[in-house]
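What follows is a short report on a single structure.
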4 protein chains.
Amino acid sequence: MRSESDLFAGVYRHGATAAELTDEAFLQALLDVEAALAVACADEGMISREAAEAIVAACVADRFDAAEIGRDATSHATPVISLVARLREEVGEPHARSVHLGATSQDIIDTALMVVAFRALAPLLLDVAAGADAAATLAETHRRTPMVGRTLLQQALPTCFGLRAATWVTGIDAAAGRLHQIRGAELAAQMGGPVGARAPEIATRVAAQLQLADPVLPWQAVRVRPAGLACGLGVLAGVLGKIARDVTLLAQQEVGEVEEGGDPSRGGSSAMAHKHNPVAAVSVLACSKRVPGLVATILACMEQEHERAAGAWQAEWETQVELLGLTGSAAAWCRELLENLRVDPARMRENLDRLAASGAADAEPTAAQFDACDQLIDRALAEHAR
Amino acid sequence: MRSESDLFAGVYRHGATAAELTDEAFLQALLDVEAALAVACADEGMISREAAEAIVAACVADRFDAAEIGRDATSHATPVISLVARLREEVGEPHARSVHLGATSQDIIDTALMVVAFRALAPLLLDVAAGADAAATLAETHRRTPMVGRTLLQQALPTCFGLRAATWVTGIDAAAGRLHQIRGAELAAQMGGPVGARAPEIATRVAAQLQLADPVLPWQAVRVRPAGLACGLGVLAGVLGKIARDVTLLAQQEVGEVEEGGDPSRGGSSAMAHKHNPVAAVSVLACSKRVPGLVATILACMEQEHERAAGAWQAEWETQVELLGLTGSAAAWCRELLENLRVDPARMRENLDRLAASGAADAEPTAAQFDACDQLIDRALAEHAR
Amino acid sequence: MRSESDLFAGVYRHGATAAELTDEAFLQALLDVEAALAVACADEGMISREAAEAIVAACVADRFDAAEIGRDATSHATPVISLVARLREEVGEPHARSVHLGATSQDIIDTALMVVAFRALAPLLLDVAAGADAAATLAETHRRTPMVGRTLLQQALPTCFGLRAATWVTGIDAAAGRLHQIRGAELAAQMGGPVGARAPEIATRVAAQLQLADPVLPWQAVRVRPAGLACGLGVLAGVLGKIARDVTLLAQQEVGEVEEGGDPSRGGSSAMAHKHNPVAAVSVLACSKRVPGLVATILACMEQEHERAAGAWQAEWETQVELLGLTGSAAAWCRELLENLRVDPARMRENLDRLAASGAADAEPTAAQFDACDQLIDRALAEHAR
Amino acid sequence: MRSESDLFAGVYRHGATAAELTDEAFLQALLDVEAALAVACADEGMISREAAEAIVAACVADRFDAAEIGRDATSHATPVISLVARLREEVGEPHARSVHLGATSQDIIDTALMVVAFRALAPLLLDVAAGADAAATLAETHRRTPMVGRTLLQQALPTCFGLRAATWVTGIDAAAGRLHQIRGAELAAQMGGPVGARAPEIATRVAAQLQLADPVLPWQAVRVRPAGLACGLGVLAGVLGKIARDVTLLAQQEVGEVEEGGDPSRGGSSAMAHKHNPVAAVSVLACSKRVPGLVATILACMEQEHERAAGAWQAEWETQVELLGLTGSAAAWCRELLENLRVDPARMRENLDRLAASGAADAEPTAAQFDACDQLIDRALAEHAR
């Protein structure tokens with residue numbers, strides 16, 4: 001779906017998730033659905049086992065030309081009709097007519113989108129988990145590193161950097177927990193046939209093959225599942241954006257409390273050799289800021305007509321892929337950010353001293369404040385360990 | 001928060017949920033949080049039992065002037081400072097200083113927003129459940145009422161109206177299920193104090209009093225909870241919008257398969273006496289179409305700085321109340337719509353005959369198609385009954 | 001439309017614009033449209049002059065009960081039917097039947113929304129102009145006040161504070177220029193009658209009375225005008241948000257280059273007596289962050305069916321009022337922010353010295369850099385003076 | 001930026017605009033800006049004429065590898081640093097150091113985005129104009145073709161199809177007029193240098209070469225120009241969506257008043273051979289529904305920090321290209337839709353007769369109603385002819 005030649009891929013399509021979202025990956029997912037359908041039909045005795053085997057053997061993405069199929073979508077507002085025609089050619093006689101039996105384009109695209117999401121969420125959630133682990137390490141390491149708490153961008157009272165990191169951990173964990181729930185139970189097959197009235201056995205069998213949930217009903221025009229996925233991604237992207245925002249603020253030279261580490265060649269400027277730009281944080285934000293508008297698109301598109309929408313369904317396709325891609329890129333960037341973050345306790349103390357000097361507060365958390373931080377961090381780490 | 005004098009309240013703030021979202025209701029929620037805090041502080045031995053009792057007694061909304069407090073928000077970008085000052089006056093000596101102990105404005109507003117959501121979701125989910133029950137009855141009654149399935153707004157193949165209604169049931173149930181999960185486990189108290197570093201006991205005690213979840217950590221600037229709520233509402237509003245869209249289409253005179261029933265005075269036109277407007281469906285859509293943009297606002301506002309955001313947090317307040325109000329209004333309208341929907345099987349058959357006459361399809365579902373509808377409806381109703 | 005008793009009005013409905021957006025103001029606008037329609041009908045000889053005079057005399061908001069009319073909207077998904085019935089009672093016989101002649105609810109609401117926008121934009125644009133003037137004064141005063149230019153939140157190279165202020169001026173001016181264009185030429189009357197097919201004379205006459213543009217055609221379901229207004233407000237809100245964001249960043253104690261001035265009682269904290277919160281900037285952002293989602297709602301609602309939409313039109317009403325109110329509040333807050341901004345050239349120099357000390361750059365703009373700033377500021381101020 | 005191999009390109013990237021938005025086109029625009037900068041520097045005597053010529057000669061996209069440059073963006077959160085390094089190699093000694101003189105990455109990307117927009121708007125506005133012409137022909141042809149006007153999806157009163165088409169004309173013309181204004185006067189060069197403080201001569205010269213406006217000031221972090229462009233596209237997409245929505249509704253078999261014409265192979269269904277899907281209308285809607293969320297992203301990203309934003313600027317890049325691409329695709333689809341629309345006056349009359357049979361209205365517009373339609377259509381066509 002995405003070309004890898006994109007000029008801006010370095011920002012928007014970073015990390016392992018991107019590989020699950022290419023044109024080739026999507027095409028393979030479409031073919032995997034056709035293959036699973038053929039096997040299900042054979043299992044139900046609707047086509048022969050030989051036909052199913054021939055179809056499965058033909059469902060290999062590199063035998064098909066995504067560009068050509070995409071261009072043909074012009075005739076049908078869906079690439080599936082062209083794909084099925086080519087798959088029938090590839091399968092050849094006598095099994096060609098066993099391809100796509102009783103299915104509609106939407107069955108194939110919707111199930112493929114779920115397959116793509118299922119696959120893309122695997123590396124995405126790995127990056128997210130690694131990011132949370134890195135934040136947990138920061139929380140542990142800095143549980144008694146005093147820093148200024150800031151509200152409305154003003155210095156307020158002392159706290160500990162470990163607690164800030166702990167809030168990152170719980171935020172990531174909560175958002176990721178919801179995505180695990182979605183991946184494990186809400187991404188479902190769709191095999192409703194032309195008007196969503198196909199008996200459920202085929203959907204059940206297709207779902208089992210593709211590790212997807214078996215839906216109560218076809219969900220052709222009732223889009224709770226894609227909307228739930230979009231929202232789950234939106235919440236995670238929001239958490240990642242919060243972390244990156246914090247890092248950009250703490251990395252200001254005037255604050256100087258953290259700095260991006262990692263690859264020393266990163267962060268150079270074309271015009272100012274001395275600058276060390278927070279490239280990872282900026283890239284997280286470049287991705288996360290694109291997400292809320294896309295979630296709104298998916299939600300607005302829930303208003304779908306009758307058994308298949310005229311426009312609202314078709315608008316979902318690329319939007320969902322972008323949501324997965326941008327959130328995945330943000331997750332990969334955020335992981336690198338957290339795994340390499342350099343913390344400067346001395347600058348934290350210096351900034352606290354400034355607060356104290358203004359007569360506003362003590363320069364150090366009290367023992368009770370340290371204890372409270374400890375307690376809170378313990379709760380967060382215990383929850384994270386579960 | 002909302003005046004009931006609103007000219008457009010009949011559309012946007014219909015049903016029982018609206019009463020939980022007025023200025024008075026929000027003010028009472030703020031006071032309930034202050035009261036719960038006082039009791040929690042007494043339980044922890046931080047203030048006397050007498051002080052807590054005096055504070056609880058004073059926390060009654062009609063002793064306070066919401067308009068005055070709202071105007072004072074100009075000085076602080078929060079109404080809580082003014083509210084606390086007035087509450088201290090109301091409590092009087094010697095307990096005035098026991099009010100709001102160790103808390104920050106955000107603790108009170110965030111917890112109050114959760115209380116308001118908890119309360120508003122009760123009537124909202126009742127309306128939603130009644131709507132789903134009404135749709136389930138339609139599914140049962142019309143399990144063998146043939147109608148044309150339509151895709152891309154074109155007649156496609158026969159199906160049964162009961163199956164359409166069953167897809168509404170599963171859509172509502174899935175969206176409501178998520179909101180029940182949110183209401184039961186994700187709406188949490190917030191008692192982090194000035195910089196989110198308060199020890200957890202007070203939050204635990206406040207949460208228990210207000211039927212809210214006990215958060216792992218204060219979530220002042222990590223907004224998974226409000227974002228999850230917004231998304232849950234967004235998905236439900238989307239389902240309701242889908243149902244209303246179907247009704248507006250089926251109610252076209254040229255289609256004529258359903259009609260809004262209920263109050264016969266509804267649906268008149270100022271200029272055309274003969275018209276029968278689908279007022280309930282239009283009102284659902286008027287509400288549901290406003291929701292995705294508001295969800296995007298909440299998601300975009302997750303990027304919050306440090307321990308309290310400068311703007312992104314404050315932008316949430318009215319947005320959340322609107323999300324609750326609009327989704328609640330849509331739910332009340334949709335319930336009325338579904339409870340009073342008049343179905344016209346004769347027109348459904350007439351439209352099927354037209355399809356058959358075009359040579360395109362049979363005029364009637366086959367026995368196998370009827371069986372498939374039956375099976376699917378059974379699944380939906382069994383799931384609904386759980 | 002908005003109650004002034006709102007708990008959060010201090011943030012969201014600040015300044016003079018809010019008074020143009022109350023329920024009473026909107027009700028008066030509806031009545032002003034009915035009055036203008038009556039006069040137009042008399043001018044065209046469709047009703048008697050006496051009838052028109054009786055109608056005009058009755059069109060006074062305080063004779064009507066907005067709350068009652070709003071509740072009645074439940075029966076029609078519009079408050080106009082109820083309003084017209086009451087207006088007929090108020091006018092009495094023999095002229096009652098001359099009320100609302102040939103008009104439809106949408107004519108009255110759409111034209112009233114344009115009237116409300118026309119009226120609300122007056123104080124809004126005054127606040128905006130005053131804000132731009134204040135920024136221009138800052139640009140002039142600080143044309144040679146050196147400061148660090150910052151990119152990606154990192155110190156980059158020397159610039160002058162006056163140039164930063166000048167970019168604010170040109171931003172405000174460009175956004176305001178578009179809104180002046182909209183107010184002067186794009187806010188139009190709507191008098192299409194039941195299906196948008198009324199001959200144009202009445203619209204022309206109504207437009208002239210209400211200082212609105214005479215539309216080429218009725219625009220009942222082609223919503224370029226409301227969408228253009230929403231976008232104009234959205235762009236202005238974005239500029240105001242940029243300015244406020246800059247101020248929150250420059251006002252961080254660690255940077256310390258500006259501070260909000262004005263009312264010394266503003267900006268206190270409920271928990272931290274020493275804090276000086278940037279209340280105006282936070283309030284600008286609280287408003288401006290709510291705007292993009294609302295603009296998306298208006299744009300998504302452009303997809304309107306046939307001669308009047310079922311839902312998409314009705315969703316616009318409150319959304320437009322909110323867009324005007326939030327942008328107006330942001331404008332009032334931003335004006336106060338700019339008129340009272342305290343600039344600290346000493347801290348600016350200190351931060352530059354830090355940059356220089358890192359060996360990264362000169363501590364001072366060069367003569368050529370000062371000259372470039374001068375040139376640019378001159379351009380901005382010359383453009384502003386036009 | 002977009003691969004042409006996209007599986008869904010047939011829907012989302014239809015028509016001539018897409019060719020202006022490929023990776024290669026964007027890369028060429030970046031190079032065109034570097035070339036214009038070199039010429040401007042030579043004109044100002046800052047580099048030699050030979051250097052400028054060498055640079056211009058090297059600025060040819062097919063000498064560069066977009067994929068490689070895109071991957072390198074990982075190190076800098078911008079592809080320009082890598083591009084400049086490769087361009088210097090390509091130019092070679094002794095002129096390599098004359099490349100990119102005094103510029104920053106943002107100068108190149110922002111100006112290139114404006115160049116891309118300028119170029120893409122040319123075919124986009126041609127398609128739009130052709131669509132408006134086709135609608136004008138429909139308005140003329142059907143000025144006295146009676147049809148039912150429909151409000152809230154209910155039959156209301158007689159009107160003429162020509163008037164409906166005329167509202168499409170004025171909608172398109174108004175939206176296109178704003179985009180012509182933007183293209184002619186608001187797309188501006190950006191040559192602010194590292195912190196936006198570069199003297200204006202270079203920007204003036206670059207603008208002239210690239211047919212862009214000369215900005216008053218660099219607009220690095222004051223994003224009125226990109227926001228205005230996004231809004232202009234958003235309003236146009238909304239109009240196109242309205243037209244497509246009308247067509248999908250009128251093309252329902254139960255209504256049957258219009259049908260998509262053109263290529264007879266279009267609109268087939270994978271499962272239902274008899275169906276004639278409104279492929280063009282569906283594709284318009286698939287594109288137009290994605291636009292409002294993207295506009296909201298651009299508006300939300302106006303809140304940019306200091307002299308260059310950390311995330312909000314970078315989030316604009318692909319979003320703007322998508323806005324151009326989706327609106328361009330919608331425009332191409334809508335043009336085909338309008339140029340090939342088949343109108344069925346007999347079905348229009350049949351539906352009117354049904355309305356009359358219900359006793360609700362006359363079956364035919366009156367002479368006065370025909371005259372009003374005539375008058376209105378004349379106004380629309382006269383305005384269109386200007």
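Quick note on naming: the chains in the structure tokens go A, B, ... in the order shown, residues restart at 1 in each chain, and ligands are numbered from 1 in order of appearance.
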task: Select from stretch 147-265 of chain A everything DSSP, run on the backbone, classes as alpha helix (DSSP H), then give the selection as number ranges by chain.
output: A: 161-185, 201-209, 224-250
query: Mind listing as a PyMOL selection string which residues of chain A are within 10 Å of chain C, counting only C-alpha atoms?
result: chain A and resi 150-157+248-256+269+271-279+281-282+292-293+296-297+300-301+351+354-355+358-361
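Our summary of the geometry notes that atom CA of C:Thr167 is positioned 23.2 Å from atom CA of D:Leu101.
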- prompt: Hey, what's within 8 Å of D:Gly196 if we count only C-alpha atoms and toss same-chain stuff fewer than 2 positions away? As number ranges by chain, please?
  reply: D: 191-194, 198, 218-220, 307
message: Residues within 7 Å of stretch 81-92 of chain A, please, as a ChimeraX atom specification. Count only C-alpha atoms; anything in the same chain fewer than 6 positions from it doesn't count.
response: /A:54-55,58,69,72,99,105 /D:270
message: If we count only C-alpha atoms and set the cut-off at 6 Å, which residues sit around C:Ala363, ignoring sequence neighbours fewer than 2 positions away in its own chain? Please answer as a ChimeraX atom specification.
response: /C:352-353,356
Save out the residues we just selected, C-alpha atoms, as an mmCIF file, in the first residue's frame.
data_model
loop_
_atom_site.group_PDB
_atom_site.id
_atom_site.type_symbol
_atom_site.label_atom_id
_atom_site.label_comp_id
_atom_site.auth_asym_id
_atom_site.auth_seq_id
_atom_site.Cartn_x
_atom_site.Cartn_y
_atom_site.Cartn_z
ATOM 1 C CA LEU C 352 22.197 34.322 24.056
ATOM 2 C CA ASP C 353 25.345 34.400 26.135
ATOM 3 C CA ALA C 356 27.765 31.871 22.700
#
Near stretch 108-112 of chain D, within 8 Å and counting only C-alpha atoms, which residues show up once chain neighbours fewer than 4 positions away are dropped, as a PDB file with all heavy atoms, in the first residue's frame?
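File produced: around.pdb:
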ATOM      1  N   PHE D  26       7.834  15.453  -6.312  1.00  0.00           N
ATOM      2  CA  PHE D  26       8.216  16.195  -5.116  1.00  0.00           C
ATOM      3  C   PHE D  26       9.719  16.413  -5.081  1.00  0.00           C
ATOM      4  O   PHE D  26      10.207  17.507  -4.756  1.00  0.00           O
ATOM      5  CB  PHE D  26       7.737  15.462  -3.851  1.00  0.00           C
ATOM      6  CG  PHE D  26       7.619  16.375  -2.678  1.00  0.00           C
ATOM      7  CD1 PHE D  26       6.390  16.938  -2.347  1.00  0.00           C
ATOM      8  CD2 PHE D  26       8.731  16.719  -1.922  1.00  0.00           C
ATOM      9  CE1 PHE D  26       6.281  17.816  -1.281  1.00  0.00           C
ATOM     10  CE2 PHE D  26       8.630  17.589  -0.852  1.00  0.00           C
ATOM     11  CZ  PHE D  26       7.408  18.141  -0.535  1.00  0.00           C
ATOM     12  N   ALA D  29      10.598  19.138  -7.346  1.00  0.00           N
ATOM     13  CA  ALA D  29      10.252  20.440  -6.762  1.00  0.00           C
ATOM     14  C   ALA D  29      11.314  20.879  -5.755  1.00  0.00           C
ATOM     15  O   ALA D  29      11.714  22.056  -5.733  1.00  0.00           O
ATOM     16  CB  ALA D  29       8.877  20.369  -6.091  1.00  0.00           C
ATOM     17  N   LEU D  30      11.801  19.961  -4.951  1.00  0.00           N
ATOM     18  CA  LEU D  30      12.895  20.297  -4.018  1.00  0.00           C
ATOM     19  C   LEU D  30      14.100  20.806  -4.801  1.00  0.00           C
ATOM     20  O   LEU D  30      14.732  21.809  -4.426  1.00  0.00           O
ATOM     21  CB  LEU D  30      13.293  19.060  -3.193  1.00  0.00           C
ATOM     22  CG  LEU D  30      12.287  18.550  -2.155  1.00  0.00           C
ATOM     23  CD1 LEU D  30      12.698  17.160  -1.656  1.00  0.00           C
ATOM     24  CD2 LEU D  30      12.171  19.512  -0.966  1.00  0.00           C
ATOM     25  N   ASP D  32      14.106  22.062  -7.835  1.00  0.00           N
ATOM     26  CA  ASP D  32      13.781  23.339  -8.478  1.00  0.00           C
ATOM     27  C   ASP D  32      13.983  24.504  -7.505  1.00  0.00           C
ATOM     28  O   ASP D  32      14.380  25.600  -7.908  1.00  0.00           O
ATOM     29  CB  ASP D  32      12.336  23.335  -8.984  1.00  0.00           C
ATOM     30  CG  ASP D  32      12.145  22.409 -10.185  1.00  0.00           C
ATOM     31  OD1 ASP D  32      13.153  22.011 -10.807  1.00  0.00           O
ATOM     32  OD2 ASP D  32      10.979  22.075 -10.490  1.00  0.00           O
ATOM     33  N   VAL D  33      13.693  24.259  -6.250  1.00  0.00           N
ATOM     34  CA  VAL D  33      13.896  25.306  -5.258  1.00  0.00           C
ATOM     35  C   VAL D  33      15.393  25.556  -5.039  1.00  0.00           C
ATOM     36  O   VAL D  33      15.841  26.707  -4.990  1.00  0.00           O
ATOM     37  CB  VAL D  33      13.200  24.947  -3.927  1.00  0.00           C
ATOM     38  CG1 VAL D  33      13.460  26.029  -2.874  1.00  0.00           C
ATOM     39  CG2 VAL D  33      11.697  24.761  -4.147  1.00  0.00           C
ATOM     40  N   GLU D  34      16.157  24.483  -4.956  1.00  0.00           N
ATOM     41  CA  GLU D  34      17.612  24.669  -4.827  1.00  0.00           C
ATOM     42  C   GLU D  34      18.162  25.428  -6.039  1.00  0.00           C
ATOM     43  O   GLU D  34      19.027  26.298  -5.897  1.00  0.00           O
ATOM     44  CB  GLU D  34      18.328  23.315  -4.680  1.00  0.00           C
ATOM     45  CG  GLU D  34      18.030  22.572  -3.389  1.00  0.00           C
ATOM     46  CD  GLU D  34      18.746  23.149  -2.153  1.00  0.00           C
ATOM     47  OE1 GLU D  34      19.507  24.149  -2.302  1.00  0.00           O
ATOM     48  OE2 GLU D  34      18.534  22.631  -1.045  1.00  0.00           O
ATOM     49  N   VAL D  80      16.160  16.819   3.512  1.00  0.00           N
ATOM     50  CA  VAL D  80      16.918  17.842   2.775  1.00  0.00           C
ATOM     51  C   VAL D  80      18.416  17.754   3.033  1.00  0.00           C
ATOM     52  O   VAL D  80      19.221  18.009   2.141  1.00  0.00           O
ATOM     53  CB  VAL D  80      16.367  19.245   3.078  1.00  0.00           C
ATOM     54  CG1 VAL D  80      17.264  20.322   2.477  1.00  0.00           C
ATOM     55  CG2 VAL D  80      14.951  19.375   2.515  1.00  0.00           C
ATOM     56  N   ALA D 103      20.517  28.830   3.305  1.00  0.00           N
ATOM     57  CA  ALA D 103      19.166  28.274   3.438  1.00  0.00           C
ATOM     58  C   ALA D 103      19.103  27.256   4.560  1.00  0.00           C
ATOM     59  O   ALA D 103      20.121  26.768   5.053  1.00  0.00           O
ATOM     60  CB  ALA D 103      18.727  27.636   2.132  1.00  0.00           C
ATOM     61  N   THR D 104      17.877  26.925   4.936  1.00  0.00           N
ATOM     62  CA  THR D 104      17.651  25.872   5.916  1.00  0.00           C
ATOM     63  C   THR D 104      16.724  24.838   5.276  1.00  0.00           C
ATOM     64  O   THR D 104      16.065  25.123   4.274  1.00  0.00           O
ATOM     65  CB  THR D 104      17.033  26.464   7.199  1.00  0.00           C
ATOM     66  OG1 THR D 104      16.993  25.454   8.206  1.00  0.00           O
ATOM     67  CG2 THR D 104      15.625  26.956   6.970  1.00  0.00           C
ATOM     68  N   VAL D 116       4.755  22.354  -5.439  1.00  0.00           N
ATOM     69  CA  VAL D 116       3.943  21.163  -5.719  1.00  0.00           C
ATOM     70  C   VAL D 116       2.465  21.532  -5.753  1.00  0.00           C
ATOM     71  O   VAL D 116       1.717  21.098  -6.642  1.00  0.00           O
ATOM     72  CB  VAL D 116       4.235  20.064  -4.672  1.00  0.00           C
ATOM     73  CG1 VAL D 116       3.167  18.982  -4.702  1.00  0.00           C
ATOM     74  CG2 VAL D 116       5.617  19.457  -4.909  1.00  0.00           C
ATOM     75  N   ALA D 188       3.339  31.073  -1.383  1.00  0.00           N
ATOM     76  CA  ALA D 188       4.510  31.958  -1.370  1.00  0.00           C
ATOM     77  C   ALA D 188       5.796  31.182  -1.145  1.00  0.00           C
ATOM     78  O   ALA D 188       5.807  30.127  -0.525  1.00  0.00           O
ATOM     79  CB  ALA D 188       4.356  32.990  -0.258  1.00  0.00           C
ATOM     80  N   ALA D 189       6.868  31.754  -1.619  1.00  0.00           N
ATOM     81  CA  ALA D 189       8.190  31.205  -1.324  1.00  0.00           C
ATOM     82  C   ALA D 189       8.511  31.415   0.153  1.00  0.00           C
ATOM     83  O   ALA D 189       7.904  32.246   0.826  1.00  0.00           O
ATOM     84  CB  ALA D 189       9.236  31.891  -2.193  1.00  0.00           C
ATOM     85  N   GLN D 190       9.450  30.637   0.625  1.00  0.00           N
ATOM     86  CA  GLN D 190       9.950  30.775   1.996  1.00  0.00           C
ATOM     87  C   GLN D 190      11.467  30.714   1.928  1.00  0.00           C
ATOM     88  O   GLN D 190      12.015  29.699   1.485  1.00  0.00           O
ATOM     89  CB  GLN D 190       9.414  29.593   2.810  1.00  0.00           C
ATOM     90  CG  GLN D 190      10.106  29.332   4.114  1.00  0.00           C
ATOM     91  CD  GLN D 190       9.320  29.918   5.259  1.00  0.00           C
ATOM     92  OE1 GLN D 190       9.281  31.141   5.443  1.00  0.00           O
ATOM     93  NE2 GLN D 190       8.672  29.077   5.984  1.00  0.00           N
ATOM     94  N   MET D 191      12.115  31.771   2.324  1.00  0.00           N
ATOM     95  CA  MET D 191      13.585  31.774   2.331  1.00  0.00           C
ATOM     96  C   MET D 191      14.060  32.528   3.566  1.00  0.00           C
ATOM     97  O   MET D 191      14.713  33.567   3.476  1.00  0.00           O
ATOM     98  CB  MET D 191      14.134  32.418   1.052  1.00  0.00           C
ATOM     99  CG  MET D 191      14.137  31.509  -0.159  1.00  0.00           C
ATOM    100  SD  MET D 191      15.357  30.161  -0.001  1.00  0.00           S
ATOM    101  CE  MET D 191      14.471  28.851  -0.902  1.00  0.00           C
TER     102      MET D 191
END
message: For a test of reading the model, state the distance in Å between atom CA of D:Phe118 and atom CA of A:Gln314, rounded to one decimal.
response: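 Between atom CA of D:Phe118 and atom CA of A:Gln314 the gap works out to 28.2 Å.
Going from atom CA of B:Ala368 to atom CA of A:Ser98 covers 19.8 Å.
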message: With only C-alpha atoms as the counted atoms, please give the residues lying no more than 9 Å from stretch 342-350 of chain D, apart from itself and same-chain residues fewer than 6 positions off, as a list of chain:residue names.
response: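 That gives D:Leu138, D:His142, D:Thr145, D:Pro146, D:Met147, D:Val148, D:Phe161, D:Val255, D:Gly256, D:Glu257, D:Val258, D:Glu259, D:Glu260, D:Gly261, D:Ala363, D:Glu364.
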